[in-house]
>>> print(open('protein.cif').read())   # mmCIF, C-alpha atoms
data_start
loop_
_atom_site.label_atom_id
_atom_site.label_comp_id
_atom_site.auth_asym_id
_atom_site.auth_seq_id
_atom_site.Cartn_x
_atom_site.Cartn_y
_atom_site.Cartn_z
CA MET W 1 25.77 -277.82 33.34
CA LYS W 2 23.52 -275.39 35.18
CA SER W 3 19.73 -275.62 35.09
CA ASN W 4 19.53 -272.75 32.58
CA GLY W 5 21.68 -274.74 30.10
CA SER W 6 24.82 -272.71 30.71
CA VAL W 7 28.23 -274.18 31.46
CA VAL W 8 30.66 -272.91 34.09
CA VAL W 9 34.37 -273.23 33.28
CA THR W 10 36.73 -272.57 36.19
CA ASN W 11 40.39 -272.88 37.08
CA GLU W 12 42.61 -271.25 39.70
CA PHE W 13 42.79 -268.00 37.69
CA ALA W 14 39.33 -267.44 36.25
CA SER W 15 35.72 -268.54 36.27
CA VAL W 16 33.32 -267.89 33.40
CA GLU W 17 29.78 -268.91 32.61
CA ILE W 18 28.97 -269.64 28.96
CA ARG W 19 25.39 -269.58 27.70
CA VAL W 20 24.20 -270.07 24.12
CA ASP W 21 21.26 -267.90 23.09
CA GLN W 22 19.18 -269.14 20.16
CA GLN W 23 17.06 -265.93 19.97
CA PHE W 24 19.24 -264.03 17.46
CA ASN W 25 19.76 -264.72 13.75
CA GLY W 26 21.58 -267.87 14.84
CA PRO W 27 23.23 -269.07 18.01
CA THR W 28 25.21 -266.49 19.97
CA ALA W 29 27.44 -267.19 22.97
CA TRP W 30 27.17 -265.02 26.07
CA VAL W 31 30.25 -265.25 28.27
CA THR W 32 30.13 -263.86 31.82
CA ASP W 33 33.12 -263.31 34.08
CA ARG W 34 31.75 -264.72 37.33
CA LYS W 35 34.00 -262.53 39.50
CA SER W 36 33.09 -259.14 38.03
CA GLY W 37 29.74 -259.95 36.41
CA VAL W 38 30.88 -258.47 33.09
CA THR W 39 29.11 -260.17 30.16
CA ARG W 40 30.04 -260.14 26.50
CA LYS W 41 28.11 -261.42 23.48
CA ILE W 42 30.37 -263.36 21.11
CA ASP W 43 29.11 -264.45 17.71
CA PRO W 44 30.38 -267.58 15.92
CA LEU W 45 32.70 -265.59 13.62
CA ALA W 46 34.50 -264.04 16.61
CA LEU W 47 34.77 -267.46 18.26
CA GLU W 48 36.30 -268.91 15.11
CA GLY W 49 38.73 -265.98 15.07
CA LEU W 50 39.90 -267.03 18.55
CA VAL W 51 40.54 -270.55 17.27
CA TRP W 52 42.73 -269.24 14.44
CA ALA W 53 44.45 -266.48 16.46
CA PRO W 54 48.17 -266.94 17.11
CA ASP W 55 49.18 -268.04 20.62
CA TYR W 56 50.85 -264.71 21.46
CA LEU W 57 47.55 -262.89 20.90
CA ILE W 58 45.56 -265.26 23.11
CA GLU W 59 48.26 -265.04 25.80
CA SER W 60 48.11 -261.23 25.72
CA LEU W 61 44.32 -261.37 26.21
CA ALA W 62 44.84 -263.50 29.32
CA ASP W 63 47.43 -261.08 30.77
CA PRO W 64 45.72 -258.92 33.44
CA GLY W 65 48.12 -256.09 32.57
CA HIS W 66 46.47 -255.78 29.14
CA ARG W 67 42.86 -255.46 30.32
CA GLY W 68 41.06 -252.28 29.33
CA ALA W 69 39.38 -249.92 31.76
#
>>> encode(input="protein.cif", output="structure tokens")
Amino acid sequence: MKSNGSVVVTNEFASVEIRVDQQFNGPTAWVTDRKSGVTRKIDPLALEGLVWAPDYLIESLADPGHRGA
């Protein structure tokens, strides 16, 4: 855990930093791609959607050929 309370999750393919912000109407996760610096706010409903998403959908999100511009 970093000093700002965030967590870094890394493997040979990706590295992201996850920080939980308590300032909104409830906790919100901020996920930053450490290579590009791109950050996305993800609310608890979207995170739960990832948990319930079928494997093929999660796998397509991880495929670099499917990344948007």
>>> atom_distance(input="protein.cif", atom1="atom CA of W:Asn4", atom2="atom CA of W:Lys35")
19.0 Å
>>> atom_distance(input="protein.cif", atom1="atom CA of W:Pro27", atom2="atom CA of W:Asp63")
28.5 Å
>>> residues_near_point(input="protein.cif", point="(28.3, -272.4, 30.9)", cutoff="9 Å", atoms="only C-alpha atoms", output="PDB file with C-alpha atoms, keeping the file's coordinate frame")
ATOM      1  CA  MET W   1      25.770-277.820  33.340  1.00  0.00           C
ATOM      2  CA  LYS W   2      23.520-275.390  35.180  1.00  0.00           C
ATOM      3  CA  ASN W   4      19.530-272.750  32.580  1.00  0.00           C
ATOM      4  CA  GLY W   5      21.680-274.740  30.100  1.00  0.00           C
ATOM      5  CA  SER W   6      24.820-272.710  30.710  1.00  0.00           C
ATOM      6  CA  VAL W   7      28.230-274.180  31.460  1.00  0.00           C
ATOM      7  CA  VAL W   8      30.660-272.910  34.090  1.00  0.00           C
ATOM      8  CA  VAL W   9      34.370-273.230  33.280  1.00  0.00           C
ATOM      9  CA  VAL W  16      33.320-267.890  33.400  1.00  0.00           C
ATOM     10  CA  GLU W  17      29.780-268.910  32.610  1.00  0.00           C
ATOM     11  CA  ILE W  18      28.970-269.640  28.960  1.00  0.00           C
ATOM     12  CA  ARG W  19      25.390-269.580  27.700  1.00  0.00           C
ATOM     13  CA  VAL W  20      24.200-270.070  24.120  1.00  0.00           C
ATOM     14  CA  TRP W  30      27.170-265.020  26.070  1.00  0.00           C
ATOM     15  CA  VAL W  31      30.250-265.250  28.270  1.00  0.00           C
ATOM     16  CA  THR W  32      30.130-263.860  31.820  1.00  0.00           C
TER      17      THR W  32
END
>>> closest_residue(input="protein.cif", among="W:Ala29, W:Arg34, W:Gly65, W:Phe13", to="W:Leu47", atoms="only C-alpha atoms")
W:Ala29
>>> axis_aligned_box(input="protein.cif", around="stretch 4-13 of chain W", padding_each_side="6 Å", output="JSON")
{"center_x": 31.2, "center_y": -271.4, "center_z": 34.9, "size_x": 35.3, "size_y": 18.7, "size_z": 21.6}
>>> closest_residue(input="protein.cif", among="W:Leu50, W:Leu57, W:Leu45, W:Ala62", to="W:Ala14", atoms="only C-alpha atoms")
W:Ala62
>>> build_atoms(input="protein.cif", residues="stretch 24-57 of chain W", atoms="N, CA and C atoms", output="PDB file, keeping the file's coordinate frame")
ATOM      1  N   PHE W  24      18.765-264.933  18.514  1.00  0.00           N
ATOM      2  CA  PHE W  24      19.240-264.030  17.460  1.00  0.00           C
ATOM      3  C   PHE W  24      19.098-264.687  16.096  1.00  0.00           C
ATOM      4  N   ASN W  25      19.781-264.173  15.109  1.00  0.00           N
ATOM      5  CA  ASN W  25      19.760-264.720  13.750  1.00  0.00           C
ATOM      6  C   ASN W  25      20.613-265.974  13.662  1.00  0.00           C
ATOM      7  N   GLY W  26      20.742-266.694  14.715  1.00  0.00           N
ATOM      8  CA  GLY W  26      21.580-267.870  14.840  1.00  0.00           C
ATOM      9  C   GLY W  26      22.141-267.881  16.241  1.00  0.00           C
ATOM     10  N   PRO W  27      22.742-268.977  16.640  1.00  0.00           N
ATOM     11  CA  PRO W  27      23.230-269.070  18.010  1.00  0.00           C
ATOM     12  C   PRO W  27      24.324-268.035  18.314  1.00  0.00           C
ATOM     13  N   THR W  28      24.233-267.467  19.494  1.00  0.00           N
ATOM     14  CA  THR W  28      25.210-266.490  19.970  1.00  0.00           C
ATOM     15  C   THR W  28      25.636-266.895  21.376  1.00  0.00           C
ATOM     16  N   ALA W  29      26.939-266.847  21.643  1.00  0.00           N
ATOM     17  CA  ALA W  29      27.440-267.190  22.970  1.00  0.00           C
ATOM     18  C   ALA W  29      27.483-265.930  23.829  1.00  0.00           C
ATOM     19  N   TRP W  30      27.038-266.068  25.062  1.00  0.00           N
ATOM     20  CA  TRP W  30      27.170-265.020  26.070  1.00  0.00           C
ATOM     21  C   TRP W  30      28.140-265.548  27.103  1.00  0.00           C
ATOM     22  N   VAL W  31      29.223-264.824  27.328  1.00  0.00           N
ATOM     23  CA  VAL W  31      30.250-265.250  28.270  1.00  0.00           C
ATOM     24  C   VAL W  31      30.282-264.231  29.409  1.00  0.00           C
ATOM     25  N   THR W  32      30.147-264.728  30.642  1.00  0.00           N
ATOM     26  CA  THR W  32      30.130-263.860  31.820  1.00  0.00           C
ATOM     27  C   THR W  32      31.301-264.193  32.726  1.00  0.00           C
ATOM     28  N   ASP W  33      32.070-263.174  33.074  1.00  0.00           N
ATOM     29  CA  ASP W  33      33.120-263.310  34.080  1.00  0.00           C
ATOM     30  C   ASP W  33      32.407-263.380  35.424  1.00  0.00           C
ATOM     31  N   ARG W  34      32.512-264.509  36.098  1.00  0.00           N
ATOM     32  CA  ARG W  34      31.750-264.720  37.330  1.00  0.00           C
ATOM     33  C   ARG W  34      32.247-263.848  38.478  1.00  0.00           C
ATOM     34  N   LYS W  35      33.475-263.385  38.423  1.00  0.00           N
ATOM     35  CA  LYS W  35      34.000-262.530  39.500  1.00  0.00           C
ATOM     36  C   LYS W  35      33.444-261.110  39.393  1.00  0.00           C
ATOM     37  N   SER W  36      33.507-260.534  38.201  1.00  0.00           N
ATOM     38  CA  SER W  36      33.090-259.140  38.030  1.00  0.00           C
ATOM     39  C   SER W  36      31.643-258.986  37.569  1.00  0.00           C
ATOM     40  N   GLY W  37      31.085-260.039  36.961  1.00  0.00           N
ATOM     41  CA  GLY W  37      29.740-259.950  36.410  1.00  0.00           C
ATOM     42  C   GLY W  37      29.687-259.375  35.007  1.00  0.00           C
ATOM     43  N   VAL W  38      30.839-259.021  34.443  1.00  0.00           N
ATOM     44  CA  VAL W  38      30.880-258.470  33.090  1.00  0.00           C
ATOM     45  C   VAL W  38      30.499-259.567  32.096  1.00  0.00           C
ATOM     46  N   THR W  39      29.586-259.226  31.168  1.00  0.00           N
ATOM     47  CA  THR W  39      29.110-260.170  30.160  1.00  0.00           C
ATOM     48  C   THR W  39      29.400-259.626  28.777  1.00  0.00           C
ATOM     49  N   ARG W  40      29.775-260.523  27.881  1.00  0.00           N
ATOM     50  CA  ARG W  40      30.040-260.140  26.500  1.00  0.00           C
ATOM     51  C   ARG W  40      29.356-261.131  25.570  1.00  0.00           C
ATOM     52  N   LYS W  41      28.715-260.600  24.530  1.00  0.00           N
ATOM     53  CA  LYS W  41      28.110-261.420  23.480  1.00  0.00           C
ATOM     54  C   LYS W  41      29.200-261.713  22.449  1.00  0.00           C
ATOM     55  N   ILE W  42      29.344-262.982  22.090  1.00  0.00           N
ATOM     56  CA  ILE W  42      30.370-263.360  21.110  1.00  0.00           C
ATOM     57  C   ILE W  42      29.716-264.205  20.027  1.00  0.00           C
ATOM     58  N   ASP W  43      29.740-263.700  18.792  1.00  0.00           N
ATOM     59  CA  ASP W  43      29.110-264.450  17.710  1.00  0.00           C
ATOM     60  C   ASP W  43      30.063-265.539  17.182  1.00  0.00           C
ATOM     61  N   PRO W  44      29.552-266.473  16.388  1.00  0.00           N
ATOM     62  CA  PRO W  44      30.380-267.580  15.920  1.00  0.00           C
ATOM     63  C   PRO W  44      31.618-267.141  15.130  1.00  0.00           C
ATOM     64  N   LEU W  45      31.536-266.051  14.376  1.00  0.00           N
ATOM     65  CA  LEU W  45      32.700-265.590  13.620  1.00  0.00           C
ATOM     66  C   LEU W  45      33.821-265.152  14.556  1.00  0.00           C
ATOM     67  N   ALA W  46      33.484-264.444  15.634  1.00  0.00           N
ATOM     68  CA  ALA W  46      34.500-264.040  16.610  1.00  0.00           C
ATOM     69  C   ALA W  46      35.095-265.251  17.315  1.00  0.00           C
ATOM     70  N   LEU W  47      34.261-266.243  17.628  1.00  0.00           N
ATOM     71  CA  LEU W  47      34.770-267.460  18.260  1.00  0.00           C
ATOM     72  C   LEU W  47      35.735-268.194  17.330  1.00  0.00           C
ATOM     73  N   GLU W  48      35.392-268.267  16.056  1.00  0.00           N
ATOM     74  CA  GLU W  48      36.300-268.910  15.110  1.00  0.00           C
ATOM     75  C   GLU W  48      37.607-268.123  15.007  1.00  0.00           C
ATOM     76  N   GLY W  49      37.521-266.799  15.086  1.00  0.00           N
ATOM     77  CA  GLY W  49      38.730-265.980  15.070  1.00  0.00           C
ATOM     78  C   GLY W  49      39.646-266.319  16.237  1.00  0.00           C
ATOM     79  N   LEU W  50      39.079-266.614  17.403  1.00  0.00           N
ATOM     80  CA  LEU W  50      39.900-267.030  18.550  1.00  0.00           C
ATOM     81  C   LEU W  50      40.614-268.347  18.269  1.00  0.00           C
ATOM     82  N   VAL W  51      39.931-269.248  17.596  1.00  0.00           N
ATOM     83  CA  VAL W  51      40.540-270.550  17.270  1.00  0.00           C
ATOM     84  C   VAL W  51      41.754-270.359  16.364  1.00  0.00           C
ATOM     85  N   TRP W  52      41.656-269.441  15.417  1.00  0.00           N
ATOM     86  CA  TRP W  52      42.730-269.240  14.440  1.00  0.00           C
ATOM     87  C   TRP W  52      43.777-268.217  14.892  1.00  0.00           C
ATOM     88  N   ALA W  53      43.518-267.513  15.988  1.00  0.00           N
ATOM     89  CA  ALA W  53      44.450-266.480  16.460  1.00  0.00           C
ATOM     90  C   ALA W  53      45.766-267.111  16.903  1.00  0.00           C
ATOM     91  N   PRO W  54      46.873-266.415  16.670  1.00  0.00           N
ATOM     92  CA  PRO W  54      48.170-266.940  17.110  1.00  0.00           C
ATOM     93  C   PRO W  54      48.249-266.958  18.647  1.00  0.00           C
ATOM     94  N   ASP W  55      49.054-267.858  19.168  1.00  0.00           N
ATOM     95  CA  ASP W  55      49.180-268.040  20.620  1.00  0.00           C
ATOM     96  C   ASP W  55      49.527-266.745  21.342  1.00  0.00           C
ATOM     97  N   TYR W  56      50.435-265.930  20.767  1.00  0.00           N
ATOM     98  CA  TYR W  56      50.850-264.710  21.460  1.00  0.00           C
ATOM     99  C   TYR W  56      49.667-263.764  21.676  1.00  0.00           C
ATOM    100  N   LEU W  57      48.709-263.758  20.751  1.00  0.00           N
ATOM    101  CA  LEU W  57      47.550-262.890  20.900  1.00  0.00           C
ATOM    102  C   LEU W  57      46.641-263.392  22.020  1.00  0.00           C
TER     103      LEU W  57
END
